[in-house]
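**Q** Got a structure for you, final-v4.json, holding JSON, C-alpha atoms.
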[["chain", "number", "residue", "atom", "x", "y", "z"],
["L", 1, "MET", "CA", 107.67, 124.69, 83.07],
["L", 2, "ARG", "CA", 110.97, 124.30, 84.89],
["L", 3, "ILE", "CA", 111.51, 121.51, 87.41],
["L", 4, "TRP", "CA", 114.33, 122.35, 89.80],
["L", 5, "HIS", "CA", 116.94, 119.64, 90.11],
["L", 6, "ALA", "CA", 120.58, 119.23, 91.07],
["L", 7, "GLU", "CA", 123.28, 116.62, 90.69],
["L", 8, "LYS", "CA", 126.50, 115.89, 92.52],
["L", 9, "GLY", "CA", 129.18, 113.26, 92.15],
["L", 10, "ALA", "CA", 129.99, 110.72, 89.44],
["L", 11, "GLY", "CA", 129.27, 107.07, 88.83],
["L", 12, "GLU", "CA", 126.04, 105.10, 88.67],
["L", 13, "PRO", "CA", 123.01, 107.41, 89.01],
["L", 14, "VAL", "CA", 120.95, 107.50, 92.20],
["L", 15, "VAL", "CA", 117.77, 109.60, 92.32],
["L", 16, "LEU", "CA", 116.51, 110.85, 95.70],
["L", 17, "LEU", "CA", 112.74, 111.54, 95.79],
["L", 18, "HIS", "CA", 111.50, 113.58, 98.71],
["L", 19, "SER", "CA", 108.50, 113.19, 101.00],
["L", 20, "THR", "CA", 105.51, 115.43, 100.30],
["L", 21, "ALA", "CA", 106.02, 116.88, 103.79],
["L", 22, "ALA", "CA", 109.45, 118.20, 102.76],
["L", 23, "ASP", "CA", 111.47, 118.99, 99.64],
["L", 24, "SER", "CA", 114.81, 117.90, 98.23],
["L", 25, "GLY", "CA", 116.53, 119.62, 101.15],
["L", 26, "MET", "CA", 115.61, 116.63, 103.32],
["L", 27, "TRP", "CA", 118.37, 114.68, 101.53],
["L", 28, "GLN", "CA", 121.27, 117.02, 102.33],
["L", 29, "ALA", "CA", 123.19, 114.48, 104.42],
["L", 30, "GLN", "CA", 122.53, 111.68, 101.93],
["L", 31, "VAL", "CA", 123.72, 113.75, 98.96],
["L", 32, "ASP", "CA", 127.00, 114.49, 100.73],
["L", 33, "ALA", "CA", 127.58, 110.83, 101.61],
["L", 34, "LEU", "CA", 126.39, 109.14, 98.41],
["L", 35, "SER", "CA", 128.04, 111.57, 95.99],
["L", 36, "GLU", "CA", 131.46, 110.21, 96.94],
["L", 37, "ARG", "CA", 130.55, 107.03, 95.03],
["L", 38, "PHE", "CA", 127.49, 107.83, 92.90],
["L", 39, "ARG", "CA", 126.02, 110.46, 90.61],
["L", 40, "VAL", "CA", 123.26, 111.76, 92.89],
["L", 41, "ILE", "CA", 120.22, 113.57, 91.46],
["L", 42, "THR", "CA", 117.70, 115.45, 93.58],
["L", 43, "VAL", "CA", 114.46, 116.97, 92.33],
["L", 44, "ASP", "CA", 111.87, 119.34, 93.82],
["L", 45, "PHE", "CA", 108.35, 118.27, 92.86],
["L", 46, "ARG", "CA", 105.93, 120.99, 91.74],
["L", 47, "GLY", "CA", 104.95, 123.17, 94.67],
["L", 48, "TYR", "CA", 107.97, 122.18, 96.77],
["L", 49, "GLY", "CA", 111.34, 123.81, 97.34],
["L", 50, "ARG", "CA", 112.42, 125.76, 94.26],
["L", 51, "THR", "CA", 109.87, 124.39, 91.78],
["L", 52, "PRO", "CA", 106.77, 126.55, 91.23],
["L", 53, "TYR", "CA", 103.24, 125.19, 91.52],
["L", 54, "ARG", "CA", 101.62, 125.55, 88.13],
["L", 55, "ALA", "CA", 100.66, 123.45, 85.13],
["L", 56, "ASP", "CA", 98.93, 123.88, 81.77],
["L", 57, "GLY", "CA", 97.01, 120.65, 82.34],
["L", 58, "PRO", "CA", 97.04, 117.50, 84.47],
["L", 59, "TYR", "CA", 100.52, 116.49, 85.54],
["L", 60, "GLY", "CA", 102.22, 113.77, 87.57],
["L", 61, "ASP", "CA", 105.39, 113.95, 89.65],
["L", 62, "ALA", "CA", 106.70, 110.73, 88.08],
["L", 63, "GLY", "CA", 106.26, 112.23, 84.62],
["L", 64, "ASP", "CA", 108.16, 115.35, 85.67],
["L", 65, "VAL", "CA", 111.03, 113.30, 87.09],
["L", 66, "ALA", "CA", 111.13, 111.12, 83.97],
["L", 67, "LYS", "CA", 111.56, 114.25, 81.84],
["L", 68, "VAL", "CA", 114.37, 115.49, 84.09],
["L", 69, "LEU", "CA", 116.13, 112.13, 83.74],
["L", 70, "ALA", "CA", 115.69, 112.22, 79.97],
["L", 71, "ALA", "CA", 117.25, 115.69, 79.87],
["L", 72, "LEU", "CA", 120.18, 114.33, 81.88],
["L", 73, "GLU", "CA", 120.45, 111.35, 79.49],
["L", 74, "ILE", "CA", 119.77, 108.86, 82.29],
["L", 75, "THR", "CA", 117.82, 105.81, 81.15],
["L", 76, "ARG", "CA", 118.00, 103.75, 84.35],
["L", 77, "ALA", "CA", 118.87, 104.64, 87.93],
["L", 78, "ALA", "CA", 118.56, 103.51, 91.52],
["L", 79, "MET", "CA", 115.55, 105.24, 93.07],
["L", 80, "VAL", "CA", 115.39, 106.19, 96.74],
["L", 81, "GLY", "CA", 111.97, 107.49, 97.79],
["L", 82, "ALA", "CA", 110.55, 108.68, 101.11],
["L", 83, "SER", "CA", 106.81, 108.44, 101.80],
["L", 84, "GLY", "CA", 105.05, 110.07, 98.82],
["L", 85, "GLY", "CA", 108.38, 110.07, 97.01],
["L", 86, "ALA", "CA", 108.39, 106.29, 97.30],
["L", 87, "ARG", "CA", 105.16, 106.23, 95.29],
["L", 88, "VAL", "CA", 106.92, 108.28, 92.60],
["L", 89, "ALA", "CA", 109.83, 105.81, 92.67],
["L", 90, "LEU", "CA", 107.42, 102.91, 92.14],
["L", 91, "GLU", "CA", 105.80, 104.67, 89.16],
["L", 92, "LEU", "CA", 109.23, 105.26, 87.63],
["L", 93, "ALA", "CA", 110.07, 101.60, 88.21],
["L", 94, "SER", "CA", 106.85, 100.63, 86.43],
["L", 95, "ALA", "CA", 108.06, 102.69, 83.48],
["L", 96, "GLY", "CA", 111.34, 100.75, 83.38],
["L", 97, "LEU", "CA", 113.49, 103.59, 84.72],
["L", 98, "ALA", "CA", 114.59, 101.98, 88.01],
["L", 99, "GLY", "CA", 117.26, 99.33, 88.41],
["L", 100, "ARG", "CA", 116.92, 99.16, 92.19],
["L", 101, "LEU", "CA", 114.59, 100.67, 94.80],
["L", 102, "VAL", "CA", 114.87, 101.87, 98.38],
["L", 103, "LEU", "CA", 111.45, 102.78, 99.77],
["L", 104, "LEU", "CA", 111.42, 104.56, 103.14],
["L", 105, "ASN", "CA", 107.95, 104.26, 104.70],
["L", 106, "PRO", "CA", 106.15, 104.04, 101.35],
["L", 107, "VAL", "CA", 102.50, 104.98, 100.97],
["L", 108, "ALA", "CA", 100.28, 102.18, 99.68],
["L", 109, "ASP", "CA", 96.80, 102.24, 98.15],
["L", 110, "LEU", "CA", 95.15, 101.06, 101.37],
["L", 111, "GLU", "CA", 91.96, 102.29, 103.00],
["L", 112, "PRO", "CA", 92.80, 105.19, 105.35],
["L", 113, "THR", "CA", 92.79, 104.15, 109.00],
["L", 114, "PRO", "CA", 91.46, 106.22, 111.95],
["L", 115, "ASP", "CA", 94.95, 107.44, 112.88],
["L", 116, "LEU", "CA", 95.52, 108.79, 109.37],
["L", 117, "ARG", "CA", 92.06, 110.37, 109.13],
["L", 118, "ALA", "CA", 92.59, 112.14, 112.47],
["L", 119, "TYR", "CA", 95.94, 113.49, 111.29],
["L", 120, "TRP", "CA", 94.45, 114.74, 108.01],
["L", 121, "ALA", "CA", 91.48, 116.33, 109.81],
["L", 122, "GLU", "CA", 93.68, 118.28, 112.21],
["L", 123, "GLU", "CA", 95.93, 119.46, 109.39],
["L", 124, "ARG", "CA", 92.89, 120.60, 107.42],
["L", 125, "ARG", "CA", 91.43, 122.41, 110.45],
["L", 126, "LEU", "CA", 94.64, 124.36, 111.03],
["L", 127, "LEU", "CA", 95.01, 125.33, 107.37],
["L", 128, "GLU", "CA", 91.38, 126.44, 107.15],
["L", 129, "GLN", "CA", 92.04, 128.70, 110.15],
["L", 130, "GLY", "CA", 95.06, 130.15, 108.36],
["L", 131, "ASP", "CA", 97.49, 128.64, 110.86],
["L", 132, "VAL", "CA", 100.12, 127.49, 108.37],
["L", 133, "GLN", "CA", 102.85, 127.43, 111.00],
["L", 134, "GLY", "CA", 100.69, 125.27, 113.25],
["L", 135, "ALA", "CA", 99.98, 122.85, 110.41],
["L", 136, "ALA", "CA", 103.68, 122.59, 109.61],
["L", 137, "GLU", "CA", 104.50, 121.94, 113.27],
["L", 138, "LEU", "CA", 101.77, 119.27, 113.40],
["L", 139, "ASN", "CA", 103.49, 117.46, 110.55],
["L", 140, "ALA", "CA", 106.85, 117.59, 112.30],
["L", 141, "ARG", "CA", 105.35, 116.25, 115.54],
["L", 142, "THR", "CA", 103.50, 113.49, 113.72],
["L", 143, "LEU", "CA", 106.10, 112.38, 111.23],
["L", 144, "LEU", "CA", 109.43, 112.66, 113.04],
["L", 145, "GLY", "CA", 110.38, 109.98, 115.54],
["L", 146, "PRO", "CA", 112.02, 110.55, 118.92],
["L", 147, "GLU", "CA", 115.55, 110.36, 117.47],
["L", 148, "ALA", "CA", 115.10, 113.58, 115.45],
["L", 149, "THR", "CA", 117.15, 116.55, 116.64],
["L", 150, "GLY", "CA", 115.80, 120.02, 117.16],
["L", 151, "ASP", "CA", 117.54, 121.12, 113.98],
["L", 152, "ALA", "CA", 115.85, 118.36, 111.97],
["L", 153, "ARG", "CA", 112.47, 119.42, 113.34],
["L", 154, "ARG", "CA", 113.09, 123.07, 112.46],
["L", 155, "ARG", "CA", 114.19, 122.10, 108.95],
["L", 156, "LEU", "CA", 111.09, 119.97, 108.37],
["L", 157, "VAL", "CA", 108.78, 122.71, 109.67],
["L", 158, "ALA", "CA", 110.41, 125.21, 107.30],
["L", 159, "MET", "CA", 110.15, 122.90, 104.28],
["L", 160, "GLN", "CA", 106.53, 121.96, 105.02],
["L", 161, "ARG", "CA", 105.50, 125.57, 105.69],
["L", 162, "HIS", "CA", 107.03, 126.71, 102.41],
["L", 163, "ALA", "CA", 105.17, 123.99, 100.52],
["L", 164, "PHE", "CA", 101.88, 124.92, 102.18],
["L", 165, "GLU", "CA", 102.36, 128.61, 101.35],
["L", 166, "VAL", "CA", 103.23, 127.96, 97.71],
["L", 167, "GLN", "CA", 100.40, 125.49, 97.16],
["L", 168, "LEU", "CA", 97.73, 127.54, 98.97],
["L", 169, "ALA", "CA", 98.63, 130.57, 96.85],
["L", 170, "ALA", "CA", 98.18, 128.73, 93.53],
["L", 171, "ASP", "CA", 95.31, 129.98, 91.41],
["L", 172, "PRO", "CA", 94.16, 127.93, 89.67],
["L", 173, "GLU", "CA", 95.33, 124.88, 91.57],
["L", 174, "PRO", "CA", 97.01, 122.41, 89.19],
["L", 175, "GLU", "CA", 95.39, 119.02, 88.68],
["L", 176, "GLN", "CA", 97.72, 116.25, 89.78],
["L", 177, "THR", "CA", 97.36, 112.64, 88.64],
["L", 178, "GLU", "CA", 98.92, 109.35, 89.73],
["L", 179, "GLY", "CA", 99.58, 106.37, 87.50],
["L", 180, "GLU", "CA", 98.08, 103.01, 88.35],
["L", 181, "LEU", "CA", 100.51, 100.58, 89.95],
["L", 182, "SER", "CA", 100.76, 96.81, 89.85],
["L", 183, "LEU", "CA", 103.30, 96.05, 92.54],
["L", 184, "PRO", "CA", 103.77, 92.38, 91.52],
["L", 185, "GLY", "CA", 104.87, 93.61, 88.08],
["L", 186, "ILE", "CA", 107.77, 95.70, 89.44],
["L", 187, "ASP", "CA", 110.51, 93.08, 89.13],
["L", 188, "VAL", "CA", 113.55, 94.91, 90.49],
["L", 189, "PRO", "CA", 115.41, 94.50, 93.80],
["L", 190, "ALA", "CA", 113.76, 96.61, 96.50],
["L", 191, "LEU", "CA", 114.53, 97.42, 100.12],
["L", 192, "VAL", "CA", 111.40, 98.54, 102.00],
["L", 193, "VAL", "CA", 111.95, 100.34, 105.30],
["L", 194, "ALA", "CA", 109.29, 100.73, 108.00],
["L", 195, "GLY", "CA", 109.60, 102.93, 111.09],
["L", 196, "GLY", "CA", 108.61, 101.54, 114.47],
["L", 197, "HIS", "CA", 107.37, 104.98, 115.62],
["L", 198, "ASP", "CA", 105.45, 105.73, 112.42],
["L", 199, "LEU", "CA", 101.66, 105.91, 112.28],
["L", 200, "PRO", "CA", 100.00, 102.46, 112.12],
["L", 201, "TYR", "CA", 98.70, 103.24, 108.62],
["L", 202, "PHE", "CA", 102.21, 103.80, 107.26],
["L", 203, "ARG", "CA", 103.63, 100.76, 109.02],
["L", 204, "GLU", "CA", 100.94, 98.61, 107.42],
["L", 205, "SER", "CA", 101.57, 100.30, 104.04],
["L", 206, "ALA", "CA", 105.27, 99.39, 104.17],
["L", 207, "ARG", "CA", 104.47, 95.77, 104.99],
["L", 208, "HIS", "CA", 101.92, 95.64, 102.18],
["L", 209, "VAL", "CA", 104.36, 97.04, 99.61],
["L", 210, "ALA", "CA", 107.09, 94.65, 100.73],
["L", 211, "ALA", "CA", 104.72, 91.68, 100.49],
["L", 212, "GLU", "CA", 103.53, 92.62, 97.00],
["L", 213, "LEU", "CA", 106.87, 93.41, 95.35],
["L", 214, "PRO", "CA", 108.41, 90.20, 93.99],
["L", 215, "ARG", "CA", 112.06, 90.96, 94.89],
["L", 216, "SER", "CA", 111.78, 92.97, 98.08],
["L", 217, "ARG", "CA", 113.18, 92.80, 101.59],
["L", 218, "LEU", "CA", 111.45, 94.46, 104.54],
["L", 219, "LEU", "CA", 113.59, 96.21, 107.15],
["L", 220, "GLU", "CA", 111.82, 97.48, 110.27],
["L", 221, "LEU", "CA", 113.71, 100.15, 112.20],
["L", 222, "GLU", "CA", 112.41, 100.24, 115.76],
["L", 223, "TRP", "CA", 113.85, 103.70, 116.43],
["L", 224, "ALA", "CA", 112.47, 105.40, 113.32],
["L", 225, "GLY", "CA", 109.47, 107.57, 112.65],
["L", 226, "HIS", "CA", 108.22, 108.42, 109.18],
["L", 227, "LEU", "CA", 111.35, 110.24, 107.95],
["L", 228, "PRO", "CA", 114.41, 108.31, 109.16],
["L", 229, "ALA", "CA", 116.72, 110.10, 106.71],
["L", 230, "LEU", "CA", 116.20, 113.24, 108.81],
["L", 231, "GLU", "CA", 116.12, 111.44, 112.15],
["L", 232, "ARG", "CA", 119.37, 109.45, 112.00],
["L", 233, "PRO", "CA", 121.04, 110.62, 108.79],
["L", 234, "GLU", "CA", 124.35, 108.83, 109.34],
["L", 235, "GLU", "CA", 122.63, 105.49, 109.91],
["L", 236, "ILE", "CA", 120.53, 105.90, 106.76],
["L", 237, "ASN", "CA", 123.65, 106.94, 104.83],
["L", 238, "ALA", "CA", 125.33, 103.70, 105.86],
["L", 239, "LEU", "CA", 122.23, 101.68, 104.98],
["L", 240, "LEU", "CA", 122.02, 103.25, 101.51],
["L", 241, "LEU", "CA", 125.72, 102.87, 100.77],
["L", 242, "ASP", "CA", 125.57, 99.22, 101.77],
["L", 243, "TYR", "CA", 122.45, 98.41, 99.75],
["L", 244, "LEU", "CA", 123.28, 100.42, 96.65]]
Spell out the structure here as structure tokens.
**A**
Amino acid sequence: MRIWHAEKGAGEPVVLLHSTAADSGMWQAQVDALSERFRVITVDFRGYGRTPYRADGPYGDAGDVAKVLAALEITRAAMVGASGGARVALELASAGLAGRLVLLNPVADLEPTPDLRAYWAEERRLLEQGDVQGAAELNARTLLGPEATGDARRRLVAMQRHAFEVQLAADPEPEQTEGELSLPGIDVPALVVAGGHDLPYFRESARHVAAELPRSRLLELEWAGHLPALERPEEINALLLDYL
């Protein structure tokens, strides 16, 4: 199994972990900015971007990323995760691989709220009808805040559609697992970002994660939706450079 990854720049390692609505291409602006000062690593999870969707048995995204880091001889890095990628960052931190965390609208193990259930139900309905483009556009409408440009929306639709197509075509579908997390046990500095235009479920998730992590700071961005790195890339670049 090959996990696609790339690196750019030199210095302390920073790993960018994409949302499960996108792929590593969501970090294009951040790679360009951060690589002037850091060694920046991006990874496509299985079924996203340039990594195929197959497995010989149960797998986890955090385990895949850990193996990539081992191959690159990286034992500790700053982890920047968006949405589902933030969960991967937290699992890697639990394994002792993170020296610092930036979590953009992280997903928490909270009971799904009506807004999230409605979003999932509409996505499922569209996919069951074979409307992959419609499902991808739904994700862009739901996840991107009002600051996102038309180009950002087109890019997200393309990344999400590709992921849907790859994953729907998998036969058999791989079994994915997640490691258990104890947030109070993750004792590294963490910046948790919440978007003011995000779904209520995700806003509450960010606050929960920030409250549970022992060395965290919560930053609420009133202008942001769920994927601020795509919405205002230059502002997120500045935030990351300052924090890291």
**Q** Which residues of stretch 170-217 of chain L come within 9 Å of stretch 87-92 of chain L, and what is each one's closest atom pair and distance in Å (one decimal), counting only C-alpha atoms, sorted by chain and residue number, as JSON lines?
**A**
{"residue": "L:Glu178", "atom": "CA", "partner": "L:Glu91", "partner_atom": "CA", "distance": 8.3}
{"residue": "L:Gly179", "atom": "CA", "partner": "L:Glu91", "partner_atom": "CA", "distance": 6.7}
{"residue": "L:Glu180", "atom": "CA", "partner": "L:Glu91", "partner_atom": "CA", "distance": 7.9}
{"residue": "L:Leu181", "atom": "CA", "partner": "L:Glu91", "partner_atom": "CA", "distance": 6.7}
{"residue": "L:Leu183", "atom": "CA", "partner": "L:Leu90", "partner_atom": "CA", "distance": 8.0}
{"residue": "L:Ile186", "atom": "CA", "partner": "L:Leu90", "partner_atom": "CA", "distance": 7.7}
**Q** Which value, in Å to one decimal, gives the distance between atom CA of L:Leu240 and atom CA of L:Gln30?
**A**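 According to the coordinates, atom CA of L:Leu240 and atom CA of L:Gln30 are separated by 8.5 Å.
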**Q** Find the residue from L:Thr51, L:Gln129, L:Ser24, L:Thr42 that sits nearest to L:Val166; use only C-alpha atoms when measuring.
**A**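 So, comparing all the options, the nearest one is L:Thr51.
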**Q** So, with only C-alpha atoms as the atoms that count, which of L:Ala55, L:Ala29, L:Val157, L:Ala78 lies closest to L:Pro172?
**A** L:Ala55
**Q** Excluding L:Ala118 and any residue of its chain fewer than 4 positions from it, enumerate the residues within 12 Å of it, using all atoms listed in the file, and give them as a PyMOL selection string.
**A** chain L and resi 112-114+122-125+138+142+199+201
**Q** Please identify all polymer residues within 12 Å of L:Phe38, counting only C-alpha atoms, omitting same-chain residues fewer than 2 positions from it, and present them as a PyMOL selection string.
**A** chain L and resi 7-16+30-36+40-41+77-78+240-241+244
**Q** Grab the atom CA of L:Arg153 to atom CA of L:Gly85 distance for me, in Å with one decimal place.
**A**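 Between atom CA of L:Arg153 and atom CA of L:Gly85 the gap works out to 19.3 Å.
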**Q** Using all atoms listed in the file, which of the listed residues (L:Arg46, L:Arg203, L:His208, L:Arg2) sits closest to L:Ala62?
**A** L:Arg46
**Q** So how many Å separate atom CA of L:Ser182 and atom CA of L:Ala86, to one decimal?
**A**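 Atom CA of L:Ser182 sits 14.3 Å away from atom CA of L:Ala86.
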**Q** List every protein, DNA or RNA residue with an atom no more than 7 Å from (114.5, 101.0, 100.3) in the file's coordinates, counting all atoms listed in the file, and format the result as a PyMOL selection string.
**A** chain L and resi 80+101-104+190-193
**Q** Take the residues just selected and output them with C-alpha atoms as a PDB file, keeping the file's coordinate frame.
**A**
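Generated file (again_12.pdb):
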ATOM      1  CA  VAL L  80     115.390 106.190  96.740  1.00  0.00           C
ATOM      2  CA  LEU L 101     114.590 100.670  94.800  1.00  0.00           C
ATOM      3  CA  VAL L 102     114.870 101.870  98.380  1.00  0.00           C
ATOM      4  CA  LEU L 103     111.450 102.780  99.770  1.00  0.00           C
ATOM      5  CA  LEU L 104     111.420 104.560 103.140  1.00  0.00           C
ATOM      6  CA  ALA L 190     113.760  96.610  96.500  1.00  0.00           C
ATOM      7  CA  LEU L 191     114.530  97.420 100.120  1.00  0.00           C
ATOM      8  CA  VAL L 192     111.400  98.540 102.000  1.00  0.00           C
ATOM      9  CA  VAL L 193     111.950 100.340 105.300  1.00  0.00           C
TER      10      VAL L 193
END
**Q** Which of these, L:Tyr243, L:Trp223, L:Trp120, L:Trp4, has the shortest distance to L:Tyr48 once you count only C-alpha atoms?
**A**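 Distance minimum relative to L:Tyr48 lands on L:Trp4.
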**Q** Can you pull out the residues contacting L:Asp23? Cut-off 10 Å, using only C-alpha atoms, and skip same-chain residues under 3 positions away; I want them as a count of residues only.
**A** 23
**Q** Since the input is missing atoms, can you rebuild N, CA and C atoms for stretch 43-59 of chain L and write them as a short mmCIF file (atom, residue, chain, number, x, y, z; two decimals), in the coordinates of the input?
**A**
data_model
loop_
_atom_site.label_atom_id
_atom_site.label_comp_id
_atom_site.auth_asym_id
_atom_site.auth_seq_id
_atom_site.Cartn_x
_atom_site.Cartn_y
_atom_site.Cartn_z
N VAL L 43 115.50 116.25 93.07
CA VAL L 43 114.46 116.97 92.33
C VAL L 43 113.48 117.56 93.33
N ASP L 44 113.01 118.79 93.08
CA ASP L 44 111.87 119.34 93.82
C ASP L 44 110.61 119.14 93.00
N PHE L 45 109.63 118.42 93.55
CA PHE L 45 108.35 118.27 92.86
C PHE L 45 107.67 119.64 92.75
N ARG L 46 106.67 119.72 91.88
CA ARG L 46 105.93 120.99 91.74
C ARG L 46 105.30 121.39 93.08
N GLY L 47 105.50 122.66 93.43
CA GLY L 47 104.95 123.17 94.67
C GLY L 47 105.82 122.93 95.89
N TYR L 48 107.04 122.46 95.67
CA TYR L 48 107.97 122.18 96.77
C TYR L 48 109.32 122.81 96.46
N GLY L 49 109.99 123.28 97.52
CA GLY L 49 111.34 123.81 97.34
C GLY L 49 111.39 124.92 96.31
N ARG L 50 112.20 124.72 95.27
CA ARG L 50 112.42 125.76 94.26
C ARG L 50 111.64 125.54 92.98
N THR L 51 110.70 124.60 92.97
CA THR L 51 109.87 124.39 91.78
C THR L 51 108.51 125.05 91.99
N PRO L 52 108.07 125.90 91.06
CA PRO L 52 106.77 126.55 91.23
C PRO L 52 105.61 125.57 91.14
N TYR L 53 104.44 126.04 91.51
CA TYR L 53 103.24 125.19 91.52
C TYR L 53 102.29 125.68 90.45
N ARG L 54 102.50 125.20 89.24
CA ARG L 54 101.62 125.55 88.13
C ARG L 54 101.71 124.46 87.07
N ALA L 55 100.70 124.44 86.21
CA ALA L 55 100.66 123.45 85.13
C ALA L 55 99.64 123.91 84.10
N ASP L 56 99.87 123.56 82.85
CA ASP L 56 98.93 123.88 81.77
C ASP L 56 97.82 122.84 81.67
N GLY L 57 97.99 121.73 82.36
CA GLY L 57 97.01 120.65 82.34
C GLY L 57 97.36 119.65 83.42
N PRO L 58 96.71 118.50 83.46
CA PRO L 58 97.04 117.50 84.47
C PRO L 58 98.51 117.09 84.37
N TYR L 59 99.11 116.87 85.51
CA TYR L 59 100.52 116.49 85.54
C TYR L 59 100.71 115.42 86.61
#
